[in-house]
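Listing of run34.cif; format and content: mmCIF, C-alpha atoms (C1' of nucleotides).
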data_work
#
loop_
_atom_site.label_atom_id
_atom_site.label_comp_id
_atom_site.auth_asym_id
_atom_site.auth_seq_id
_atom_site.Cartn_x
_atom_site.Cartn_y
_atom_site.Cartn_z
CA MET P 11 -8.46 25.27 -57.55
CA GLN P 12 -6.73 28.30 -58.93
CA ILE P 13 -4.76 31.19 -57.53
CA THR P 14 -7.00 34.23 -57.81
CA ARG P 15 -6.25 37.37 -59.73
CA THR P 16 -6.37 39.28 -56.49
CA GLU P 17 -3.50 37.21 -55.17
CA GLU P 18 -1.55 37.52 -58.35
CA TYR P 19 -1.97 41.30 -58.46
CA ALA P 20 -0.98 41.61 -54.85
CA LEU P 21 2.21 39.69 -55.40
CA ARG P 22 3.07 41.61 -58.54
CA GLY P 23 2.52 44.86 -56.69
CA LEU P 24 4.70 43.78 -53.81
CA VAL P 25 7.44 42.57 -56.10
CA PHE P 26 7.34 45.90 -57.86
CA LEU P 27 7.85 47.70 -54.57
CA ALA P 28 10.59 45.32 -53.58
CA ARG P 29 12.48 46.40 -56.64
CA GLN P 30 12.29 50.10 -55.79
CA PRO P 31 14.83 51.80 -53.57
CA PRO P 32 13.83 50.89 -50.03
CA GLU P 33 11.67 53.45 -48.28
CA LYS P 34 10.76 55.03 -51.58
CA VAL P 35 7.08 55.91 -51.60
CA THR P 36 5.29 54.76 -54.73
CA LEU P 37 1.89 55.64 -56.12
CA VAL P 38 -0.74 53.04 -56.75
CA SER P 39 -1.29 54.71 -60.09
CA GLU P 40 2.31 54.15 -61.07
CA ILE P 41 2.26 50.47 -60.16
CA SER P 42 -1.05 49.91 -61.86
CA LYS P 43 0.24 51.52 -65.02
CA GLU P 44 3.51 49.61 -65.10
CA GLN P 45 1.97 46.30 -64.20
CA LYS P 46 -1.25 46.76 -66.15
CA ILE P 47 -3.51 46.19 -63.20
CA PRO P 48 -6.80 48.12 -62.87
CA GLU P 49 -5.98 51.00 -60.57
CA ALA P 50 -9.06 51.04 -58.35
CA PHE P 51 -8.83 47.32 -57.89
CA LEU P 52 -5.19 47.41 -56.96
CA ALA P 53 -5.95 50.22 -54.51
CA LYS P 54 -8.46 47.96 -52.79
CA ILE P 55 -5.98 45.14 -52.61
CA PHE P 56 -3.33 47.41 -51.18
CA GLN P 57 -5.74 48.57 -48.52
CA ARG P 58 -6.04 45.05 -47.27
CA LEU P 59 -2.31 44.48 -47.42
CA SER P 60 -1.61 47.56 -45.40
CA LYS P 61 -4.15 46.65 -42.78
CA ALA P 62 -2.23 43.42 -42.43
CA GLY P 63 0.98 45.40 -42.02
CA LEU P 64 2.53 44.12 -45.23
CA LEU P 65 2.44 47.59 -46.72
CA ARG P 66 2.95 50.96 -45.17
CA SER P 67 0.66 53.62 -46.55
CA ILE P 68 1.23 57.34 -46.43
CA ARG P 69 -1.80 59.48 -46.95
CA GLY P 70 -2.16 62.96 -48.30
CA ALA P 71 -0.13 64.77 -50.93
CA ASN P 72 3.16 63.03 -51.72
CA GLY P 73 1.68 59.93 -50.19
CA GLY P 74 1.83 56.40 -51.51
CA PHE P 75 2.95 52.96 -50.47
CA SER P 76 6.11 51.24 -49.46
CA LEU P 77 6.75 47.78 -48.06
CA GLY P 78 5.66 47.36 -44.48
CA ARG P 79 8.85 45.49 -43.73
CA PRO P 80 11.87 44.19 -45.62
CA ALA P 81 10.96 42.09 -48.63
CA ASN P 82 12.72 39.10 -47.19
CA ARG P 83 10.35 39.11 -44.27
CA ILE P 84 7.11 39.05 -46.22
CA THR P 85 6.09 35.53 -47.14
CA MET P 86 3.67 34.48 -49.82
CA LYS P 87 1.63 32.81 -47.16
CA GLU P 88 1.15 36.08 -45.32
CA VAL P 89 0.07 37.73 -48.53
CA MET P 90 -2.42 35.02 -49.33
CA GLU P 91 -3.86 35.05 -45.85
CA ALA P 92 -4.08 38.82 -45.70
CA LEU P 93 -6.27 38.62 -48.78
CA GLU P 94 -8.34 35.50 -48.43
CA GLY P 95 -8.16 34.67 -44.76
CA PRO P 96 -6.69 31.45 -43.39
CA ILE P 97 -5.82 28.99 -46.09
CA GLY P 98 -8.28 26.12 -46.27
CA LEU P 99 -8.00 23.82 -49.20
CA SER P 100 -11.24 22.04 -48.59
CA ARG P 101 -14.47 22.77 -46.83
CA CYS P 102 -13.81 20.22 -44.14
CA LEU P 103 -10.51 21.79 -43.20
CA VAL P 104 -12.20 25.14 -42.87
CA ARG P 105 -15.36 24.39 -41.00
CA GLU P 106 -14.70 22.36 -37.92
CA GLY P 107 -17.07 19.46 -37.62
CA GLU P 108 -18.10 19.65 -41.24
CA CYS P 109 -17.26 16.02 -41.77
CA GLU P 110 -16.45 14.62 -38.39
CA GLU P 111 -20.01 14.41 -37.21
CA GLU P 112 -21.06 11.76 -39.64
CA ALA P 113 -18.54 9.09 -40.40
CA VAL P 114 -14.81 9.14 -40.64
CA CYS P 115 -13.91 11.21 -43.65
CA PRO P 116 -11.47 9.42 -45.93
CA LEU P 117 -10.51 12.61 -47.67
CA HIS P 118 -9.63 14.63 -44.63
CA PRO P 119 -6.05 13.39 -44.15
CA ILE P 120 -5.28 13.86 -47.81
CA TRP P 121 -6.55 17.42 -47.82
CA GLU P 122 -4.34 17.99 -44.86
CA GLU P 123 -1.29 16.63 -46.53
CA LEU P 124 -1.94 18.61 -49.67
CA GLN P 125 -2.45 21.75 -47.71
CA HIS P 126 0.62 21.13 -45.64
CA ARG P 127 2.84 20.84 -48.68
CA PHE P 128 1.26 23.86 -50.18
CA VAL P 129 1.80 26.01 -47.15
CA GLU P 130 5.37 24.79 -46.92
CA VAL P 131 6.16 26.42 -50.22
CA LEU P 132 4.16 29.55 -49.52
CA ASP P 133 5.78 29.95 -46.17
CA GLY P 134 9.24 29.39 -47.49
CA THR P 135 8.99 31.93 -50.27
CA THR P 136 9.37 35.63 -49.65
CA VAL P 137 8.67 38.65 -51.80
CA GLU P 138 12.40 39.08 -52.04
CA ASP P 139 12.76 35.61 -53.50
CA LEU P 140 10.21 36.48 -56.12
CA ALA P 141 11.84 39.80 -56.93
CA LYS P 142 15.21 38.12 -57.35
CA ARG P 143 13.90 35.47 -59.64
CA MET P 144 12.82 38.15 -62.02
CA VAL P 145 16.32 39.55 -62.34
CA ARG P 146 18.15 36.27 -62.69
CA ASP P 147 18.38 35.83 -66.47
CA GLY P 148 15.51 35.16 -68.77
CA ARG P 149 14.80 31.63 -67.65
CA ARG P 150 11.37 30.68 -68.72
CA GLY P 151 8.93 28.86 -66.55
CA ARG P 152 8.45 25.84 -68.66
CA GLY P 153 8.19 26.89 -72.29
CA MET G 9 -7.98 28.12 -54.02
CA GLN G 10 -10.33 25.43 -52.83
CA ILE G 11 -11.19 21.95 -53.85
CA THR G 12 -14.61 22.09 -55.46
CA ARG G 13 -17.67 20.22 -54.36
CA THR G 14 -17.69 18.45 -57.69
CA GLU G 15 -14.29 16.99 -56.92
CA GLU G 16 -15.25 16.05 -53.42
CA TYR G 17 -18.44 14.34 -54.54
CA ALA G 18 -16.59 12.47 -57.25
CA LEU G 19 -14.06 11.13 -54.80
CA ARG G 20 -16.67 10.16 -52.28
CA GLY G 21 -18.59 8.35 -54.98
CA LEU G 22 -15.52 6.50 -56.15
CA VAL G 23 -14.55 5.55 -52.62
CA PHE G 24 -18.02 4.22 -52.10
CA LEU G 25 -17.69 2.01 -55.15
CA ALA G 26 -14.24 0.89 -54.10
CA ARG G 27 -15.78 -0.46 -50.94
CA GLN G 28 -18.37 -2.55 -52.77
CA PRO G 29 -17.65 -6.10 -53.96
CA PRO G 30 -15.67 -5.64 -57.19
CA GLU G 31 -17.73 -5.73 -60.34
CA LYS G 32 -20.89 -5.09 -58.42
CA VAL G 33 -23.07 -2.65 -60.31
CA THR G 34 -24.34 0.17 -58.15
CA LEU G 35 -27.04 2.73 -58.75
CA VAL G 36 -26.35 6.43 -58.68
CA SER G 37 -29.45 6.75 -56.56
CA GLU G 38 -28.02 4.44 -53.93
CA ILE G 39 -24.73 6.29 -53.72
CA SER G 40 -26.41 9.65 -53.61
CA LYS G 41 -28.63 8.50 -50.79
CA GLU G 42 -25.85 6.98 -48.72
CA GLN G 43 -23.46 9.83 -49.27
CA LYS G 44 -26.04 12.58 -49.18
CA ILE G 45 -25.12 13.99 -52.54
CA PRO G 46 -27.82 15.47 -54.83
CA GLU G 47 -28.66 12.67 -57.22
CA ALA G 48 -28.90 14.57 -60.48
CA PHE G 49 -25.67 16.31 -59.75
CA LEU G 50 -23.85 13.12 -58.95
CA ALA G 51 -25.18 11.59 -62.14
CA LYS G 52 -23.61 14.43 -64.10
CA ILE G 53 -20.32 13.95 -62.35
CA PHE G 54 -20.39 10.22 -63.03
CA GLN G 55 -21.00 10.87 -66.69
CA ARG G 56 -17.76 12.73 -66.90
CA LEU G 57 -15.90 10.12 -64.94
CA SER G 58 -17.09 7.36 -67.19
CA LYS G 59 -16.15 9.24 -70.32
CA ALA G 60 -12.69 9.39 -68.85
CA GLY G 61 -12.76 5.64 -68.28
CA LEU G 62 -12.64 5.90 -64.51
CA LEU G 63 -16.10 4.42 -64.26
CA ARG G 64 -17.80 1.77 -66.25
CA SER G 65 -21.44 2.49 -66.91
CA ILE G 66 -24.11 -0.03 -67.75
CA ARG G 67 -27.22 1.40 -69.30
CA GLY G 68 -30.75 0.14 -69.22
CA ALA G 69 -32.54 -1.94 -66.66
CA ASN G 70 -30.22 -3.49 -64.07
CA GLY G 71 -27.70 -0.89 -65.08
CA GLY G 72 -25.51 1.25 -62.88
CA PHE G 73 -21.89 2.00 -62.32
CA SER G 74 -18.79 0.17 -61.28
CA LEU G 75 -15.16 1.22 -61.22
CA GLY G 76 -13.56 1.43 -64.64
CA ARG G 77 -10.46 -0.26 -63.29
CA PRO G 78 -9.13 -1.49 -59.98
CA ALA G 79 -9.27 1.14 -57.26
CA ASN G 80 -5.53 1.05 -56.86
CA ARG G 81 -5.11 2.21 -60.41
CA ILE G 82 -7.29 5.30 -60.20
CA THR G 83 -5.36 8.28 -58.91
CA MET G 84 -6.78 11.45 -57.46
CA LYS G 85 -5.03 13.34 -60.19
CA GLU G 86 -6.94 11.45 -62.86
CA VAL G 87 -10.17 12.21 -61.07
CA MET G 88 -9.43 15.89 -60.79
CA GLU G 89 -8.40 16.14 -64.42
CA ALA G 90 -11.38 14.21 -65.65
CA LEU G 91 -13.55 16.81 -63.99
CA GLU G 92 -11.78 20.11 -64.40
CA GLY G 93 -9.36 19.51 -67.21
CA PRO G 94 -5.60 19.72 -66.86
CA ILE G 95 -4.57 21.05 -63.49
CA GLY G 96 -3.39 24.63 -63.72
CA LEU G 97 -2.85 26.41 -60.49
CA SER G 98 -2.47 29.80 -62.06
CA ARG G 99 -3.57 31.46 -65.24
CA CYS G 100 -0.05 31.66 -66.59
CA LEU G 101 0.47 27.93 -66.26
CA VAL G 102 -2.71 27.32 -68.16
CA ARG G 103 -2.57 29.73 -71.04
CA GLU G 104 0.73 29.54 -72.84
CA GLY G 105 2.17 32.96 -73.46
CA GLU G 106 -0.05 34.61 -70.89
CA CYS G 107 2.93 36.07 -69.12
CA GLU G 108 5.90 35.23 -71.27
CA GLU G 109 5.19 37.79 -73.92
CA GLU G 110 5.72 40.75 -71.69
CA ALA G 111 8.52 40.51 -69.20
CA VAL G 112 9.89 37.62 -67.24
CA CYS G 113 7.25 36.56 -64.81
CA PRO G 114 8.63 36.23 -61.30
CA LEU G 115 5.69 34.18 -60.15
CA HIS G 116 5.83 31.58 -62.85
CA PRO G 117 8.49 29.33 -61.30
CA ILE G 118 6.80 29.42 -57.95
CA TRP G 119 3.46 28.45 -59.40
CA GLU G 120 5.27 25.60 -61.05
CA GLU G 121 6.81 24.41 -57.87
CA LEU G 122 3.55 24.65 -55.99
CA GLN G 123 1.76 22.80 -58.69
CA HIS G 124 4.45 20.18 -58.87
CA ARG G 125 4.19 19.38 -55.19
CA PHE G 126 0.49 19.35 -55.41
CA VAL G 127 0.39 16.95 -58.30
CA GLU G 128 2.90 14.75 -56.57
CA VAL G 129 0.40 14.03 -53.83
CA LEU G 130 -2.55 13.72 -56.17
CA ASP G 131 -0.65 11.38 -58.40
CA GLY G 132 0.55 9.25 -55.54
CA THR G 133 -2.84 8.73 -53.99
CA THR G 134 -5.31 6.23 -55.35
CA VAL G 135 -8.95 5.67 -54.65
CA GLU G 136 -7.92 2.50 -52.88
CA ASP G 137 -5.70 4.49 -50.54
CA LEU G 138 -8.66 6.69 -49.70
CA ALA G 139 -10.97 3.77 -49.16
CA LYS G 140 -8.48 2.12 -46.85
CA ARG G 141 -8.00 5.21 -44.76
CA MET G 142 -11.64 5.10 -43.96
CA VAL G 143 -11.42 1.63 -42.51
CA ARG G 144 -8.26 2.11 -40.53
CA ASP G 145 -9.52 3.11 -37.11
CA GLY G 146 -11.28 6.32 -36.28
CA ARG G 147 -8.30 8.62 -36.55
CA ARG G 148 -9.47 12.17 -36.93
CA GLY G 149 -8.07 14.60 -39.39
CA ARG G 150 -6.90 17.19 -36.99
CA GLY G 151 -9.42 17.62 -34.29
"C1'" DG K 5 -43.54 -5.68 -79.13
"C1'" DA K 6 -44.60 -2.85 -75.11
"C1'" DT K 7 -43.20 -1.46 -70.79
"C1'" DT K 8 -40.03 -0.10 -67.65
"C1'" DA K 9 -35.56 0.93 -65.49
"C1'" DA K 10 -31.50 3.03 -65.97
"C1'" DA K 11 -27.71 6.03 -67.79
"C1'" DA K 12 -26.39 9.82 -71.54
"C1'" DA K 13 -26.73 14.21 -73.05
"C1'" DG K 14 -27.57 18.76 -73.11
"C1'" DA K 15 -30.27 22.87 -72.07
"C1'" DC K 16 -31.23 25.60 -68.51
"C1'" DC K 17 -31.36 28.02 -64.08
"C1'" DT K 18 -29.75 30.11 -59.72
"C1'" DA K 19 -26.59 31.64 -56.36
"C1'" DA K 20 -22.15 32.78 -55.03
"C1'" DT K 21 -17.85 34.66 -55.88
"C1'" DT K 22 -14.60 37.34 -58.31
"C1'" DT K 23 -13.39 41.20 -60.49
"C1'" DG K 24 -13.92 45.60 -61.11
"C1'" DT K 25 -15.98 50.68 -60.90
"C1'" DC K 26 -17.39 54.83 -58.67
"C1'" DC K 27 -18.27 58.11 -55.38
"C1'" DT K 28 -17.59 60.28 -51.13
"C1'" DG K 29 -14.76 60.84 -47.39
"C1'" DT K 30 -10.18 61.98 -44.81
"C1'" DT K 31 -5.53 63.13 -44.44
"C1'" DT K 32 -1.63 66.02 -45.39
"C1'" DA K 33 1.99 68.73 -47.96
"C1'" DT K 34 2.37 72.94 -50.08
"C1'" DA Q 7 -7.32 76.82 -49.28
"C1'" DT Q 8 -6.26 73.45 -52.46
"C1'" DA Q 9 -4.76 69.59 -54.65
"C1'" DA Q 10 -2.82 64.99 -54.10
"C1'" DA Q 11 -3.31 60.74 -52.32
"C1'" DC Q 12 -5.22 56.82 -49.64
"C1'" DA Q 13 -9.80 54.82 -47.04
"C1'" DG Q 14 -14.03 52.89 -47.35
"C1'" DG Q 15 -18.54 51.65 -48.86
"C1'" DA Q 16 -21.89 50.74 -52.42
"C1'" DC Q 17 -22.69 48.97 -56.47
"C1'" DA Q 18 -22.19 46.53 -61.26
"C1'" DA Q 19 -20.54 43.13 -64.36
"C1'" DA Q 20 -18.56 38.76 -65.40
"C1'" DT Q 21 -17.44 34.26 -64.27
"C1'" DT Q 22 -17.91 29.98 -62.02
"C1'" DA Q 23 -20.06 26.61 -59.12
"C1'" DG Q 24 -23.80 24.06 -58.05
"C1'" DG Q 25 -27.82 22.14 -59.27
"C1'" DT Q 26 -32.36 20.85 -61.99
"C1'" DC Q 27 -35.11 19.22 -65.89
"C1'" DT Q 28 -36.20 17.10 -70.09
"C1'" DT Q 29 -35.36 14.20 -73.76
"C1'" DT Q 30 -32.89 10.36 -75.79
"C1'" DT Q 31 -30.71 5.93 -75.83
"C1'" DT Q 32 -30.11 1.32 -74.13
"C1'" DA Q 33 -31.35 -3.04 -72.18
"C1'" DA Q 34 -34.11 -6.32 -69.48
"C1'" DT Q 35 -38.47 -8.31 -68.71
"C1'" DC Q 36 -43.29 -9.13 -69.22
#
Here is the file; what I need is its structure written in the form of structure tokens.
Amino acid sequence: MQITRTEEYALRGLVFLARQPPEKVTLVSEISKEQKIPEAFLAKIFQRLSKAGLLRSIRGANGGFSLGRPANRITMKEVMEALEGPIGLSRCLVREGECEEEAVCPLHPIWEELQHRFVEVLDGTTVEDLAKRMVRDGRRGRG
Amino acid sequence: MQITRTEEYALRGLVFLARQPPEKVTLVSEISKEQKIPEAFLAKIFQRLSKAGLLRSIRGANGGFSLGRPANRITMKEVMEALEGPIGLSRCLVREGECEEEAVCPLHPIWEELQHRFVEVLDGTTVEDLAKRMVRDGRRGRG
DNA sequence: GATTAAAAAGACCTAATTTGTCCTGTTTAT
DNA sequence: ATAAACAGGACAAATTAGGTCTTTTTAATC
């Protein structure tokens, strides 16, 4: 029940890009240095994000990454799903028939509600939102 | 980002007990058989739940388990926390100072919001609610 | 008191997943 | 050509989840 490091790194990387001049091409090595994320690992993550169209990669000398589309059109949900596949909070929401065969599953509707609320937030939050939060004064999360 | 089997088993076990005559003492072996949960594993889980007061255990011959309090006063949140410790959706909500030292963490407030909504559901749902859902017609989760 | 049934407790094991590294391509600007 | 940069696969290490086993404690019953 925790957000993975992969997801966290991905979001930090995207936020970093969102705060660069648009269309600027940035090196993985630069991001990894600034954000203290293992370079090879971040490279792997970025691969997946660009396959999903969330990043645009430019190969060869002077290559690098930039956002695949404007930061306000990349949602957290897309990021999560690009990395971990469709969101499924519990086994029985993932594998059809996992629990329906046997008896009625009392947990099923709750998992659904939980997941729904979760996705609501993820879907309603863009990389731009995240990038802006960082600027807006030094408000701390919860102290 | 998934509910663990431990949590699922715990809830299924509790729901099972909630559907027994109150104060009836039930064997782990019975629950594990009915619910198809590995017995030794369920026993472990029940240990933790009874330390947390969510179950009452009776040792020795004729022993077993019953709910530690009425099913409508055991929330899913309590169950989750009894098993996995305080809910912390992301590292930086768990370990104080994990992200605050460095720069302002743009993800922090979002993790908080996500977690808040999550806990809202968990806190508002009791074992009784779950048990009742099971009775109430054969409505399927989502098909 | 001995026997037996049951949970408590903790050590232990295994498998899966996450996190990360490394090496060998491939692409492309210079 | 060459060097810079991403692409992709194989592999390694660390962590966590899931599960088993053994011993100890407790209580009822013979």
Could I get the residues of chain Q with an atom no further than 8 Å from an atom of chain G, each paired with its nearest atom pair and that distance in Å to one decimal, using all atoms listed in the file, sorted by chain and residue number, as a tab-separated table?
residue	atom	partner	partner_atom	distance
Q:DA23	C1'	G:Thr12	CA	8.0
Q:DG25	C1'	G:Phe49	CA	6.2
Q:DT26	C1'	G:Ala48	CA	7.3
Q:DT32	C1'	G:Gly68	CA	5.1
Q:DA33	C1'	G:Gly68	CA	4.4
Q:DA34	C1'	G:Ala69	CA	5.4
Suppose we keep C-alpha atoms (C1' of nucleotides); can you now write the selection as a PDB file, in the frame of the given file?
ATOM      1  C1'  DA Q  23     -20.060  26.610 -59.120  1.00  0.00           C
ATOM      2  C1'  DG Q  25     -27.820  22.140 -59.270  1.00  0.00           C
ATOM      3  C1'  DT Q  26     -32.360  20.850 -61.990  1.00  0.00           C
ATOM      4  C1'  DT Q  32     -30.110   1.320 -74.130  1.00  0.00           C
ATOM      5  C1'  DA Q  33     -31.350  -3.040 -72.180  1.00  0.00           C
ATOM      6  C1'  DA Q  34     -34.110  -6.320 -69.480  1.00  0.00           C
TER       7       DA Q  34
END
Produce the least-squares-superposed copy of chain P, fitted on chain G over all in-order C-alpha pairs, as a tab-separated table (two decimals) with C-alpha atoms, in the coordinates of the input.
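Result saved to superposed_34.tsv:
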chain	number	residue	atom	x	y	z
P	11	MET	CA	-7.99	28.11	-54.07
P	12	GLN	CA	-10.32	25.40	-52.92
P	13	ILE	CA	-11.16	21.88	-53.98
P	14	THR	CA	-14.59	22.05	-55.57
P	15	ARG	CA	-17.65	20.19	-54.44
P	16	THR	CA	-17.70	18.41	-57.75
P	17	GLU	CA	-14.30	16.95	-57.01
P	18	GLU	CA	-15.23	16.04	-53.50
P	19	TYR	CA	-18.43	14.30	-54.61
P	20	ALA	CA	-16.60	12.43	-57.30
P	21	LEU	CA	-14.06	11.11	-54.87
P	22	ARG	CA	-16.68	10.15	-52.32
P	23	GLY	CA	-18.61	8.32	-55.01
P	24	LEU	CA	-15.54	6.46	-56.17
P	25	VAL	CA	-14.54	5.54	-52.66
P	26	PHE	CA	-18.02	4.22	-52.09
P	27	LEU	CA	-17.71	1.98	-55.13
P	28	ALA	CA	-14.27	0.88	-54.09
P	29	ARG	CA	-15.78	-0.45	-50.92
P	30	GLN	CA	-18.38	-2.56	-52.71
P	31	PRO	CA	-17.66	-6.08	-53.89
P	32	PRO	CA	-15.70	-5.67	-57.11
P	33	GLU	CA	-17.78	-5.82	-60.26
P	34	LYS	CA	-20.93	-5.14	-58.30
P	35	VAL	CA	-23.12	-2.71	-60.19
P	36	THR	CA	-24.38	0.14	-58.05
P	37	LEU	CA	-27.10	2.70	-58.65
P	38	VAL	CA	-26.40	6.38	-58.62
P	39	SER	CA	-29.49	6.74	-56.48
P	40	GLU	CA	-28.05	4.44	-53.86
P	41	ILE	CA	-24.75	6.29	-53.68
P	42	SER	CA	-26.43	9.66	-53.59
P	43	LYS	CA	-28.64	8.54	-50.75
P	44	GLU	CA	-25.86	7.02	-48.68
P	45	GLN	CA	-23.45	9.85	-49.27
P	46	LYS	CA	-26.02	12.64	-49.20
P	47	ILE	CA	-25.11	14.01	-52.59
P	48	PRO	CA	-27.81	15.46	-54.88
P	49	GLU	CA	-28.68	12.63	-57.23
P	50	ALA	CA	-28.92	14.50	-60.53
P	51	PHE	CA	-25.68	16.26	-59.82
P	52	LEU	CA	-23.85	13.09	-58.98
P	53	ALA	CA	-25.24	11.51	-62.15
P	54	LYS	CA	-23.67	14.32	-64.16
P	55	ILE	CA	-20.36	13.88	-62.43
P	56	PHE	CA	-20.42	10.16	-63.04
P	57	GLN	CA	-21.07	10.75	-66.70
P	58	ARG	CA	-17.84	12.63	-66.96
P	59	LEU	CA	-15.95	10.02	-64.98
P	60	SER	CA	-17.16	7.25	-67.20
P	61	LYS	CA	-16.25	9.11	-70.34
P	62	ALA	CA	-12.77	9.29	-68.90
P	63	GLY	CA	-12.84	5.54	-68.31
P	64	LEU	CA	-12.70	5.83	-64.54
P	65	LEU	CA	-16.16	4.35	-64.24
P	66	ARG	CA	-17.90	1.69	-66.22
P	67	SER	CA	-21.56	2.38	-66.80
P	68	ILE	CA	-24.20	-0.17	-67.63
P	69	ARG	CA	-27.36	1.18	-69.14
P	70	GLY	CA	-30.87	-0.12	-69.09
P	71	ALA	CA	-32.70	-2.07	-66.41
P	72	ASN	CA	-30.37	-3.52	-63.78
P	73	GLY	CA	-27.81	-1.01	-64.92
P	74	GLY	CA	-25.58	1.16	-62.80
P	75	PHE	CA	-21.93	1.92	-62.25
P	76	SER	CA	-18.83	0.11	-61.21
P	77	LEU	CA	-15.20	1.17	-61.19
P	78	GLY	CA	-13.64	1.36	-64.61
P	79	ARG	CA	-10.53	-0.32	-63.29
P	80	PRO	CA	-9.17	-1.52	-59.97
P	81	ALA	CA	-9.27	1.13	-57.27
P	82	ASN	CA	-5.54	1.03	-56.89
P	83	ARG	CA	-5.15	2.17	-60.45
P	84	ILE	CA	-7.31	5.26	-60.26
P	85	THR	CA	-5.38	8.25	-59.01
P	86	MET	CA	-6.77	11.43	-57.55
P	87	LYS	CA	-5.04	13.30	-60.30
P	88	GLU	CA	-6.96	11.41	-62.95
P	89	VAL	CA	-10.19	12.16	-61.16
P	90	MET	CA	-9.43	15.84	-60.89
P	91	GLU	CA	-8.42	16.08	-64.51
P	92	ALA	CA	-11.41	14.13	-65.74
P	93	LEU	CA	-13.56	16.76	-64.08
P	94	GLU	CA	-11.78	20.04	-64.49
P	95	GLY	CA	-9.35	19.43	-67.30
P	96	PRO	CA	-5.58	19.70	-66.93
P	97	ILE	CA	-4.54	21.06	-63.59
P	98	GLY	CA	-3.35	24.65	-63.80
P	99	LEU	CA	-2.79	26.44	-60.57
P	100	SER	CA	-2.41	29.84	-62.09
P	101	ARG	CA	-3.47	31.56	-65.25
P	102	CYS	CA	0.05	31.77	-66.56
P	103	LEU	CA	0.58	28.04	-66.27
P	104	VAL	CA	-2.59	27.44	-68.21
P	105	ARG	CA	-2.40	29.89	-71.04
P	106	GLU	CA	0.89	29.72	-72.81
P	107	GLY	CA	2.36	33.13	-73.38
P	108	GLU	CA	0.12	34.75	-70.82
P	109	CYS	CA	3.07	36.23	-69.02
P	110	GLU	CA	6.07	35.52	-71.15
P	111	GLU	CA	5.35	38.16	-73.72
P	112	GLU	CA	5.89	41.07	-71.43
P	113	ALA	CA	8.66	40.75	-68.93
P	114	VAL	CA	10.01	37.82	-67.03
P	115	CYS	CA	7.35	36.72	-64.62
P	116	PRO	CA	8.68	36.35	-61.09
P	117	LEU	CA	5.75	34.26	-60.03
P	118	HIS	CA	5.92	31.68	-62.74
P	119	PRO	CA	8.57	29.40	-61.19
P	120	ILE	CA	6.81	29.45	-57.85
P	121	TRP	CA	3.48	28.49	-59.37
P	122	GLU	CA	5.30	25.68	-61.03
P	123	GLU	CA	6.83	24.43	-57.86
P	124	LEU	CA	3.55	24.64	-56.02
P	125	GLN	CA	1.78	22.81	-58.75
P	126	HIS	CA	4.47	20.20	-58.94
P	127	ARG	CA	4.18	19.36	-55.27
P	128	PHE	CA	0.46	19.32	-55.52
P	129	VAL	CA	0.39	16.94	-58.42
P	130	GLU	CA	2.90	14.72	-56.66
P	131	VAL	CA	0.40	14.03	-53.93
P	132	LEU	CA	-2.55	13.70	-56.27
P	133	ASP	CA	-0.65	11.35	-58.49
P	134	GLY	CA	0.57	9.25	-55.64
P	135	THR	CA	-2.82	8.74	-54.07
P	136	THR	CA	-5.30	6.23	-55.40
P	137	VAL	CA	-8.96	5.65	-54.70
P	138	GLU	CA	-7.90	2.52	-52.91
P	139	ASP	CA	-5.70	4.52	-50.58
P	140	LEU	CA	-8.63	6.72	-49.75
P	141	ALA	CA	-10.97	3.80	-49.21
P	142	LYS	CA	-8.48	2.16	-46.87
P	143	ARG	CA	-7.98	5.25	-44.81
P	144	MET	CA	-11.63	5.22	-44.00
P	145	VAL	CA	-11.47	1.75	-42.50
P	146	ARG	CA	-8.31	2.20	-40.50
P	147	ASP	CA	-9.62	3.22	-37.07
P	148	GLY	CA	-11.32	6.44	-36.24
P	149	ARG	CA	-8.31	8.68	-36.58
P	150	ARG	CA	-9.44	12.20	-36.98
P	151	GLY	CA	-7.98	14.60	-39.45
P	152	ARG	CA	-6.77	17.18	-37.08
P	153	GLY	CA	-9.39	17.72	-34.39
Please identify all residues of chain P having at least one atom at most 6 Å from any atom of chain G, considering all atoms listed in the file, and return them as a ChimeraX atom specification. /P:11-13,99-100,116,118-119,140,143-144,151
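Distance-wise, atom CA of Thr83 of chain G and atom CA of Leu25 of chain G end up 14.3 Å apart.
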Check which residues of chain K sit at most 7 Å from chain P using only C-alpha atoms (C1' of nucleotides), and return one row each with the closest pair of atoms and their distance in Å to one decimal, ordered by chain and rising number, as a tab-separated table.
residue	atom	partner	partner_atom	distance
K:DG24	C1'	P:Phe51	CA	6.3
K:DT31	C1'	P:Gly70	CA	5.1
K:DT32	C1'	P:Gly70	CA	4.3
K:DA33	C1'	P:Ala71	CA	5.4
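We find atom CA of Pro32 of chain P and atom CA of Arg58 of chain P to be spaced 20.9 Å apart.
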Dump as CSV the rows for residues of segment 8-36 of chain Q within 12 Å of segment 62-67 of chain P: closest atom pair and distance in Å with one decimal, all atoms listed in the file counted, ordered by chain and rising residue number.
residue,atom,partner,partner_atom,distance
Q:DA11,C1',P:Ser67,CA,10.0
Q:DC12,C1',P:Ser67,CA,7.4
Q:DA13,C1',P:Ser67,CA,10.5
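Residue neighbourhood of DT21 of chain K, excluding near-sequence residues (fewer than 2 positions): DA19 and DT23 of chain K; DT21, DT22 and DA23 of chain Q, at 10 Å, using only C-alpha atoms (C1' of nucleotides).
When all atoms listed in the file are used to measure the gap to Ile53 of chain G, the shortest distance among G:Pro94, G:Gly21, G:Pro29, G:Pro78 belongs to G:Gly21.
Distance-wise, atom CA of Asp133 of chain P and atom CA of Met86 of chain P end up 6.2 Å apart.
Applied to this file, the PyMOL selection byres ((chain K and resi 12) around 9) selects the residues Gln55 and Arg67 of chain G; DA11 and DA13 of chain K; DT30 and DT31 of chain Q.
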